[in-house]
Each structure stands twice: as structure tokens, then as C-alpha cells.
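Engineer: To be precise about what I am sending: the file is called query_25.txt and holds compact mmCIF, C-alpha atoms.
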# COMPACT_ATOMS: atom_id res chain seq x y z
CA MET A 236 18.38 43.35 25.20
CA ALA A 237 17.15 44.19 21.72
CA SER A 238 18.24 40.72 20.70
CA ASP A 239 16.35 39.19 23.63
CA PHE A 240 13.25 41.09 22.60
CA ARG A 241 13.52 39.91 19.01
CA MET A 242 14.02 36.35 20.18
CA HIS A 243 10.98 36.65 22.42
CA ARG A 244 8.90 38.04 19.55
CA ARG A 245 10.07 35.28 17.25
CA LEU A 246 9.15 32.63 19.80
CA LEU A 247 5.69 34.14 20.24
CA ALA A 248 5.15 34.22 16.48
CA ALA A 249 6.30 30.62 16.19
CA ALA A 250 3.95 29.59 18.99
CA ALA A 251 1.06 31.39 17.28
CA ARG A 252 1.81 29.64 14.02
CA LEU A 253 1.99 26.36 15.84
CA THR A 254 -1.38 26.70 17.58
CA ALA A 255 -3.28 28.41 14.72
CA GLY A 256 -4.22 25.14 13.08
CA PHE A 257 -4.91 23.12 16.21
CA ALA A 258 -8.28 21.69 17.16
CA LEU A 259 -8.56 23.47 20.53
CA VAL A 260 -12.12 22.30 20.87
CA SER A 261 -12.93 18.79 19.71
CA ALA A 262 -14.14 18.90 16.12
CA GLY A 263 -15.21 15.28 16.05
CA THR A 264 -14.04 12.85 18.69
CA ALA A 265 -12.16 13.16 21.95
CA GLN A 266 -9.06 11.98 20.05
CA ASP A 267 -9.07 15.21 18.03
CA VAL A 268 -8.45 17.52 20.98
CA GLY A 269 -5.19 19.36 20.59
CA LYS A 270 -4.37 17.83 17.22
CA PRO A 271 -3.60 19.99 14.18
CA ALA A 272 -6.86 20.39 12.25
CA SER A 273 -7.51 21.48 8.68
CA PRO A 274 -9.08 24.90 8.00
CA ILE A 275 -12.75 24.91 6.91
CA TYR A 276 -13.27 21.23 7.78
CA GLY A 277 -11.53 20.70 11.13
CA VAL A 278 -10.20 17.35 9.92
CA THR A 279 -7.26 15.83 11.82
CA ILE A 280 -4.85 13.03 10.98
CA PRO A 281 -6.49 9.89 12.40
CA ASP A 282 -4.66 7.90 15.05
CA GLY A 283 -3.19 4.64 13.85
CA TYR A 284 -3.85 5.29 10.15
CA ARG A 285 -0.48 3.78 9.15
CA ARG A 286 -1.93 0.38 10.11
CA TRP A 287 -5.08 0.78 8.06
CA LEU A 288 -5.70 -1.39 5.00
CA LEU A 289 -4.53 -0.88 1.46
CA ILE A 290 -6.98 0.62 -1.01
CA ALA A 291 -4.51 1.29 -3.86
CA PRO A 292 -1.11 2.68 -4.80
CA ALA A 293 -0.51 5.39 -7.41
CA SER A 294 2.39 7.18 -8.99
CA GLU A 295 2.59 10.91 -9.78
CA GLY A 296 4.87 12.16 -12.55
CA GLU A 297 6.15 15.70 -13.05
CA PRO A 298 6.13 18.01 -11.20
CA LEU A 299 5.32 16.03 -8.05
CA ASN A 300 7.31 12.84 -8.70
CA GLU A 301 5.66 10.92 -5.92
CA LEU A 302 4.68 7.43 -4.92
CA ARG A 303 1.35 7.35 -3.15
CA VAL A 304 -0.77 4.88 -1.27
CA VAL A 305 -4.35 5.29 -0.11
CA LEU A 306 -5.22 3.43 3.07
CA GLY A 307 -8.73 3.12 4.47
CA ASN A 308 -10.35 2.38 7.81
CA ALA A 309 -12.61 -0.67 8.25
CA VAL A 310 -15.72 1.23 7.09
CA ALA A 311 -13.92 2.30 3.91
CA VAL A 312 -12.66 -1.19 3.07
CA GLU A 313 -16.08 -2.71 3.68
CA ALA A 314 -17.70 -0.17 1.35
CA TYR A 315 -15.04 -0.59 -1.34
CA THR A 316 -15.11 -4.37 -1.40
CA ARG A 317 -18.93 -4.45 -1.48
CA GLY A 318 -19.11 -1.62 -4.01
CA THR A 319 -21.25 0.51 -1.69
CA LEU A 320 -21.90 4.02 -3.01
CA PRO A 321 -22.23 6.57 -1.54
CA PHE A 322 -19.66 5.71 1.12
CA PRO A 323 -21.30 5.49 4.56
CA ASP A 324 -20.67 8.00 7.34
CA GLY A 325 -17.54 6.97 9.22
CA THR A 326 -15.57 6.24 6.07
CA VAL A 327 -12.06 7.66 6.35
CA LEU A 328 -9.39 7.57 3.63
CA VAL A 329 -5.78 8.61 4.12
CA LYS A 330 -3.41 9.21 1.23
CA LEU A 331 0.29 8.92 2.05
CA ALA A 332 2.86 10.33 -0.36
CA TRP A 333 6.62 10.12 -0.74
CA LYS A 334 9.06 11.54 -3.25
CA HIS A 335 10.15 9.01 -5.90
CA VAL A 336 13.71 7.84 -5.26
CA ALA A 337 15.69 5.52 -7.49
CA SER A 338 16.00 2.07 -5.97
CA PRO A 339 19.59 1.46 -4.86
CA GLU A 340 19.26 -2.13 -6.09
CA PHE A 341 17.31 -1.97 -9.36
CA GLU A 342 17.88 0.66 -12.01
CA ALA A 343 14.34 0.60 -13.40
CA ALA A 344 12.61 0.81 -10.01
CA THR A 345 11.64 3.73 -7.79
CA VAL A 346 10.92 3.47 -4.08
CA PRO A 347 9.62 5.88 -1.43
CA GLY A 348 11.96 8.69 -0.44
CA MET A 349 11.07 11.64 1.79
CA ALA A 350 7.45 11.72 2.98
CA THR A 351 5.64 14.76 1.58
CA THR A 352 1.92 15.04 2.37
CA VAL A 353 -0.75 13.18 4.28
CA GLN A 354 -4.24 13.82 2.92
CA VAL A 355 -7.45 12.82 4.64
CA MET A 356 -11.05 12.46 3.47
CA MET A 357 -13.65 11.81 6.13
CA LYS A 358 -17.33 11.12 5.46
CA ASP A 359 -19.83 12.76 7.77
CA SER A 360 -22.91 13.80 5.85
CA LYS A 361 -24.35 15.84 8.73
CA ARG A 362 -21.16 17.73 9.42
CA TYR A 363 -20.20 18.41 5.79
CA PRO A 364 -23.44 18.96 3.84
CA ALA A 365 -21.86 21.60 1.58
CA SER A 366 -19.08 19.33 0.31
CA GLY A 367 -20.85 16.12 -0.61
CA GLY A 368 -20.61 14.86 2.97
CA TRP A 369 -16.81 14.88 2.93
CA GLY A 370 -14.36 16.76 5.11
CA PHE A 371 -10.87 17.27 3.76
CA GLY A 372 -7.47 17.69 5.37
CA ARG A 373 -4.08 18.20 3.73
CA PHE A 374 -1.04 18.02 5.98
CA VAL A 375 2.63 18.75 5.36
CA ASP A 376 4.97 17.59 8.13
CA GLY A 377 1.88 17.02 10.25
CA LYS A 378 0.74 20.64 9.83
CA PRO A 379 -2.42 21.53 7.88
CA ALA A 380 -2.12 23.45 4.61
CA ASP A 381 -3.77 26.87 4.55
CA GLU A 382 -7.39 27.76 3.93
CA ALA A 383 -6.89 28.80 0.31
CA GLU A 384 -5.49 25.36 -0.49
CA HIS A 385 -8.38 23.64 1.29
CA ARG A 386 -10.86 25.65 -0.77
CA THR A 387 -9.65 23.75 -3.84
CA CYS A 388 -10.32 20.21 -2.49
CA PHE A 389 -14.02 19.81 -3.04
CA ALA A 390 -14.18 21.82 -6.27
CA CYS A 391 -11.77 19.38 -7.93
CA HIS A 392 -13.38 16.23 -6.51
CA GLU A 393 -16.82 17.54 -7.51
CA ALA A 394 -15.77 18.41 -11.04
CA ARG A 395 -14.12 15.05 -11.77
CA VAL A 396 -15.58 12.21 -9.70
CA LYS A 397 -19.01 13.26 -8.46
CA ASP A 398 -20.39 9.98 -9.82
CA ARG A 399 -18.08 7.99 -7.56
CA ASP A 400 -19.17 9.89 -4.44
CA TYR A 401 -16.29 12.34 -5.00
CA VAL A 402 -13.61 9.68 -4.47
CA PHE A 403 -10.82 9.33 -7.02
CA THR A 404 -9.15 6.14 -5.82
CA ARG A 405 -10.47 2.76 -6.91
CA TYR A 406 -9.79 -0.42 -4.92
CA ALA A 407 -6.79 -2.30 -6.39
CA ARG A 408 -7.68 -5.95 -6.92
CA MET B 11 -13.31 -40.08 -33.21
CA ALA B 12 -9.85 -38.75 -33.88
CA SER B 13 -11.13 -35.39 -32.74
CA ASP B 14 -12.51 -36.92 -29.54
CA PHE B 15 -9.17 -38.52 -28.85
CA ARG B 16 -7.32 -35.24 -29.37
CA MET B 17 -9.77 -33.47 -27.07
CA HIS B 18 -9.28 -36.17 -24.42
CA ARG B 19 -5.51 -35.87 -24.69
CA ARG B 20 -5.73 -32.10 -24.42
CA LEU B 21 -7.89 -32.33 -21.31
CA LEU B 22 -5.46 -34.77 -19.69
CA ALA B 23 -2.55 -32.48 -20.46
CA ALA B 24 -4.42 -29.50 -19.06
CA ALA B 25 -5.26 -31.44 -15.89
CA ALA B 26 -1.63 -32.43 -15.49
CA ARG B 27 -0.52 -28.82 -15.83
CA LEU B 28 -3.15 -27.77 -13.31
CA THR B 29 -2.14 -30.24 -10.62
CA ALA B 30 1.63 -30.11 -11.17
CA GLY B 31 2.08 -27.10 -8.93
CA PHE B 32 -0.39 -28.00 -6.20
CA ALA B 33 0.51 -28.79 -2.63
CA LEU B 34 -1.05 -32.25 -2.51
CA VAL B 35 0.54 -32.85 0.84
CA SER B 36 0.71 -29.96 3.28
CA ALA B 37 4.00 -28.16 2.96
CA GLY B 38 3.46 -26.01 6.03
CA THR B 39 0.07 -25.61 7.61
CA ALA B 40 -3.31 -27.27 7.13
CA GLN B 41 -4.35 -24.20 5.11
CA ASP B 42 -1.83 -25.11 2.41
CA VAL B 43 -3.48 -28.38 1.41
CA GLY B 44 -4.62 -28.27 -2.16
CA LYS B 45 -3.33 -24.75 -2.80
CA PRO B 46 -0.95 -24.07 -5.70
CA ALA B 47 2.58 -24.20 -4.27
CA SER B 48 5.86 -22.90 -5.65
CA PRO B 49 8.48 -25.35 -6.94
CA ILE B 50 11.54 -25.92 -4.73
CA TYR B 51 10.00 -24.09 -1.74
CA GLY B 52 6.39 -25.27 -1.56
CA VAL B 53 5.26 -21.74 -0.72
CA THR B 54 1.57 -20.91 -1.21
CA ILE B 55 -0.30 -17.61 -1.39
CA PRO B 56 -1.32 -16.91 2.21
CA ASP B 57 -5.01 -16.60 3.05
CA GLY B 58 -6.19 -13.07 3.74
CA TYR B 59 -2.98 -11.37 2.58
CA ARG B 60 -4.92 -8.55 0.87
CA ARG B 61 -5.81 -7.32 4.36
CA TRP B 62 -2.25 -7.33 5.64
CA LEU B 63 -0.45 -4.09 6.48
CA LEU B 64 1.46 -1.80 4.19
CA ILE B 65 5.23 -2.10 4.17
CA ALA B 66 5.91 0.09 1.09
CA PRO B 67 4.90 0.88 -2.49
CA ALA B 68 7.26 0.85 -5.47
CA SER B 69 7.16 1.61 -9.16
CA GLU B 70 8.83 -0.40 -11.93
CA GLY B 71 9.75 1.28 -15.20
CA GLU B 72 10.51 -0.43 -18.53
CA PRO B 73 10.01 -3.20 -19.41
CA LEU B 74 7.64 -4.12 -16.54
CA ASN B 75 5.76 -0.84 -16.11
CA GLU B 76 4.21 -1.83 -12.83
CA LEU B 77 2.93 -0.38 -9.61
CA ARG B 78 3.76 -2.57 -6.66
CA VAL B 79 2.95 -2.79 -2.98
CA VAL B 80 4.53 -5.01 -0.37
CA LEU B 81 2.21 -6.05 2.45
CA GLY B 82 3.34 -7.89 5.57
CA ASN B 83 1.77 -10.06 8.24
CA ALA B 84 1.85 -8.99 11.91
CA VAL B 85 5.26 -10.61 12.51
CA ALA B 86 6.72 -8.71 9.54
CA VAL B 87 5.33 -5.34 10.61
CA GLU B 88 6.54 -5.83 14.16
CA ALA B 89 10.04 -6.64 12.94
CA TYR B 90 10.12 -3.75 10.47
CA THR B 91 8.91 -1.11 12.92
CA ARG B 92 11.35 -2.30 15.61
CA GLY B 93 14.18 -2.71 13.13
CA THR B 94 14.62 -6.38 14.03
CA LEU B 95 17.17 -8.18 11.82
CA PRO B 96 17.21 -11.00 10.88
CA PHE B 97 13.44 -11.24 10.49
CA PRO B 98 11.99 -13.83 12.88
CA ASP B 99 10.49 -17.13 11.74
CA GLY B 100 6.87 -16.57 10.81
CA THR B 101 7.58 -13.38 8.88
CA VAL B 102 5.66 -13.36 5.60
CA LEU B 103 5.85 -10.67 2.92
CA VAL B 104 3.59 -10.49 -0.12
CA LYS B 105 4.31 -8.26 -3.09
CA LEU B 106 1.32 -7.33 -5.24
CA ALA B 107 1.86 -5.91 -8.70
CA TRP B 108 -0.30 -4.26 -11.33
CA LYS B 109 0.40 -2.81 -14.75
CA HIS B 110 0.73 0.99 -14.76
CA VAL B 111 -2.36 2.59 -16.31
CA ALA B 112 -2.82 6.30 -16.95
CA SER B 113 -5.24 7.82 -14.46
CA PRO B 114 -8.48 8.75 -16.25
CA GLU B 115 -8.63 11.91 -14.12
CA PHE B 116 -5.05 13.20 -13.92
CA GLU B 117 -2.67 13.28 -16.83
CA ALA B 118 0.49 13.00 -14.75
CA ALA B 119 -0.71 10.12 -12.58
CA THR B 120 -0.68 6.36 -13.06
CA VAL B 121 -2.91 3.94 -11.19
CA PRO B 122 -3.14 0.13 -10.95
CA GLY B 123 -4.36 -1.67 -14.06
CA MET B 124 -4.36 -5.42 -14.61
CA ALA B 125 -2.88 -7.45 -11.74
CA THR B 126 0.27 -9.29 -12.85
CA THR B 127 2.14 -11.22 -10.17
CA VAL B 128 1.86 -12.05 -6.49
CA GLN B 129 5.21 -12.81 -4.91
CA VAL B 130 5.68 -14.29 -1.46
CA MET B 131 8.65 -14.52 0.92
CA MET B 132 8.20 -16.65 4.00
CA LYS B 133 10.76 -16.97 6.82
CA ASP B 134 11.27 -20.42 8.27
CA SER B 135 14.89 -20.96 9.12
CA LYS B 136 14.49 -24.70 9.77
CA ARG B 137 12.62 -25.37 6.57
CA TYR B 138 14.79 -23.21 4.29
CA PRO B 139 18.37 -23.44 5.59
CA ALA B 140 19.86 -23.30 2.07
CA SER B 141 18.23 -19.96 1.16
CA GLY B 142 18.91 -17.74 4.14
CA GLY B 143 15.83 -19.08 5.94
CA TRP B 144 13.48 -17.79 3.25
CA GLY B 145 11.05 -19.65 1.04
CA PHE B 146 9.98 -17.96 -2.18
CA GLY B 147 6.86 -18.13 -4.32
CA ARG B 148 6.03 -16.31 -7.53
CA PHE B 149 2.48 -16.59 -8.83
CA VAL B 150 0.86 -15.46 -12.06
CA ASP B 151 -2.94 -15.63 -12.07
CA GLY B 152 -2.67 -17.64 -8.87
CA LYS B 153 -0.43 -20.27 -10.51
CA PRO B 154 3.21 -20.71 -9.50
CA ALA B 155 5.95 -19.85 -11.97
CA ASP B 156 8.21 -22.72 -13.02
CA GLU B 157 11.23 -24.18 -11.25
CA ALA B 158 13.79 -22.41 -13.44
CA GLU B 159 12.32 -19.06 -12.46
CA HIS B 160 12.30 -19.98 -8.79
CA ARG B 161 15.98 -20.89 -8.98
CA THR B 162 16.73 -17.20 -9.60
CA CYS B 163 15.00 -15.84 -6.46
CA PHE B 164 17.56 -16.47 -3.78
CA ALA B 165 20.60 -15.84 -5.97
CA CYS B 166 19.43 -12.28 -6.65
CA HIS B 167 18.39 -11.55 -3.06
CA GLU B 168 21.68 -12.96 -1.80
CA ALA B 169 23.78 -10.97 -4.24
CA ARG B 170 22.13 -7.63 -3.51
CA VAL B 171 20.65 -7.47 0.00
CA LYS B 172 22.28 -10.14 2.15
CA ASP B 173 22.99 -7.47 4.78
CA ARG B 174 19.26 -6.76 5.14
CA ASP B 175 18.42 -10.42 5.70
CA TYR B 176 17.85 -10.81 1.95
CA VAL B 177 14.89 -8.40 1.92
CA PHE B 178 14.79 -5.58 -0.64
CA THR B 179 11.82 -3.57 0.61
CA ARG B 180 12.27 -0.98 3.34
CA TYR B 181 9.39 0.18 5.52
CA ALA B 182 7.89 3.42 4.16
CA ARG B 183 7.55 5.99 6.95
Could I get this structure in the form of C-alpha cells?
Structural biologist:
Amino acid sequence: MASDFRMHRRLLAAAARLTAGFALVSAGTAQDVGKPASPIYGVTIPDGYRRWLLIAPASEGEPLNELRVVLGNAVAVEAYTRGTLPFPDGTVLVKLAWKHVASPEFEAATVPGMATTVQVMMKDSKRYPASGGWGFGRFVDGKPADEAEHRTCFACHEARVKDRDYVFTRYAR
Amino acid sequence: MASDFRMHRRLLAAAARLTAGFALVSAGTAQDVGKPASPIYGVTIPDGYRRWLLIAPASEGEPLNELRVVLGNAVAVEAYTRGTLPFPDGTVLVKLAWKHVASPEFEAATVPGMATTVQVMMKDSKRYPASGGWGFGRFVDGKPADEAEHRTCFACHEARVKDRDYVFTRYAR
């Protein structure tokens, strides 16, 4: 019985953790309902982002040791290729990341291993006036990172790339 | 006059080099006419490939020091996501490559610098029966590499990844 009670309590706690970060009320579009949303910004992982277009790859050394790719929606690609700054409302960028793994076929090459984070930047100047018009979301295994981590997003983007509308990644030509 | 003659000879030589690798007669589709084509295979850089979908990134260490991304056309993505092997005719993969450059903003990160090569694999089992159904093209500044270099393509793919229909890159999930 005691064991049943503990199990029950554990399940409740797990359920609470699971729902804590969810967008119970739509934060943006109907698609957002019920999807895990970032603290502060209410940003969710956009549907179909894996089939968005390539902005650029990057590689992270120690301690992350990751391969990364930024993909953008149509609004993002249009702005990048025309050099439009600031990015228009509706721009969404998604950064995918994987651990570096040695290529099984080529000694000098590394290829994507385990997926680590998915990071989202979404431009909506009316919704995010306090952060340069951008909403941020950082997800690990599809679950948003905590509020403390999300407090660091804009501070870093603002300090380093304010002159590029707070966007680090350049279009790879 | 001697100088004029040398200039004339140089221009003729340059023109010959320029046209040597061109598809003067269509090797595949009407789009290929007049585009630089690879030796042996007659493969050209496909129109619009920069807006194809992400298959996977990779990183090359010494001596190449490159960031790379493989993009695929719709047939390629369909085959990859369904796990279809061998890849169907019409599959086209394009590998983009850039020199590693230190990120101006993050010490541990590298980002794309100068573009180096564009490499193409095109599946057409009737056209390329001697190379596993694949045609290969390697381009530097839009110009195809020479025949000797193209002789190495299939030998390497055959030796190392015959069991994956001669394709190195795996889909990054």
C-alpha cells in the first residue's frame, strides 16, 4: 500500500512536470495548443521545421562538441537572401544540434550523433517588445529548458549581435 | 605584335579551358544545356539546389578544414525518411562545403567561410550502370574537376558504403 501510494505520488509529480511547460492556452497560433512552450516567451517548436531551408551549418568545440544547422521558414530565407534587416515579423529560425561523432568511414570527418537541443527564435515585434521583437525557445528532448536559462537568451544576443537584429547566424553562400 | 599574338593565344587557350567541361549537348534534361558538366558522367549542378532540404551536416578536419552540408531533392528526402534502399532513380544529393572560420562571436565555434566545392550524386540506373546507378560531379567555383579526379569517386563509394547504395551521408534526425 505504501508502495502504491509512492507510485501514485511519483506519477502525479511526473504528470505535473510534463504539463508545466505546455501551452495550455494558445500563445500564438492554433497549432501551439497543447505543445510544450518556453518560459517567458511561450515559444513552441514549429511544425514541419525539419523541412525548412538551410541558413547555415556551424560546429561547436569544447565543451559542447556539436554539429549545428540553422534552418529558416520562408520569411526568414527571403529576408536573408535579400539582406533585409530588421527581420520582418513572421521570421522563424530553428537551430538543430547533434553531438559530434567520428565518421565510421573517414578518420578526419565528424558527423551528427545524438540530437541535443532544438532552439527557436521567432520574430513578433508586438508580442516581444522587451527583447528586440524576438521570442526564444530552447528545447531538450522536446521539453523547454527552465526560466533561468531562458533569461540568458536575449542578454547574450543583445550584447553581441544587436547590429544584426540580434541574430548570430549568417546565410551560408 | 608579338605581344598581341601571345595575348590572342592566351585567350584561345582560356576559351578552350572554359568550354571543355560544358554540356554542349544535353546530357540529361533541357536544363543541362550549356551548363558545366562533369567528365565521365556529364553531371551538372542542379538548378535551385540551395533550396533543397537538409539531409545532414558534417565537419572535416585536417587537411580540408571544412563545414559541409548535404541537401537532397524531394525524391532523396522521401527515400531517406522512409529508409528506402536502393535510392530510386531521380534521387539527387548535393554536398556544399565551406572552409571552417572561427566565429567572430564565440571562441569555441566555427562557421562557414569561403565556399570550396559543390559535389553532386545523381541516381539514374539506366544511364550509369557501371557505377552502381550513380553519376558523380565535383565542382570548384562552378567548374567541374578533371577526369582523373572523377575516376576516384565511385571506387571510394564502392569500397566503403556499397551496402548503403554507395551513399555515405545518413539522414540527421
Engineer: Quick one: which chain A residues come within 6 Å of chain B, and what is the nearest atom pair for each with the distance in Å to one decimal, counting only C-alpha atoms, rows ordered by chain and ascending number, as CSV?
Structural biologist:
residue,atom,partner,partner_atom,distance
A:Arg286,CA,B:Leu63,CA,5.9
A:Leu288,CA,B:Arg61,CA,6.0
A:Ala293,CA,B:Val121,CA,4.7
A:Ser294,CA,B:Thr120,CA,5.2
A:Glu295,CA,B:Ala119,CA,4.4
A:Gly296,CA,B:Ala118,CA,5.0
A:Ala343,CA,B:Gly71,CA,5.0
A:Ala344,CA,B:Glu70,CA,4.4
A:Thr345,CA,B:Ser69,CA,5.1
A:Val346,CA,B:Ala68,CA,4.7
Engineer: May I ask for the distance between CA of Arg399 in chain A and CA of Lys330 in chain A, given in Å to one decimal place?
Structural biologist: 17.1 Å
Engineer: For Ile55 in chain B, list every protein, DNA or RNA residue within 12 Å, evaluated using only C-alpha atoms, and leave out those in the same chain fewer than 5 positions away; present the list as a PyMOL selection string.
Structural biologist: chain B and resi 32-33+38+41-48+60+102-106+127-132+145-154
Engineer: Just to confirm, what's the straight-line distance from CA of Leu95 in chain B to CA of Lys133 in chain B in Å (one decimal)?
Structural biologist: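 Computing it gives 12.0 Å between the two atoms.
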Engineer: One decimal, in Å: what's the spacing between CA of Pro364 in chain A and CA of Glu313 in chain A?
Structural biologist: 22.9 Å
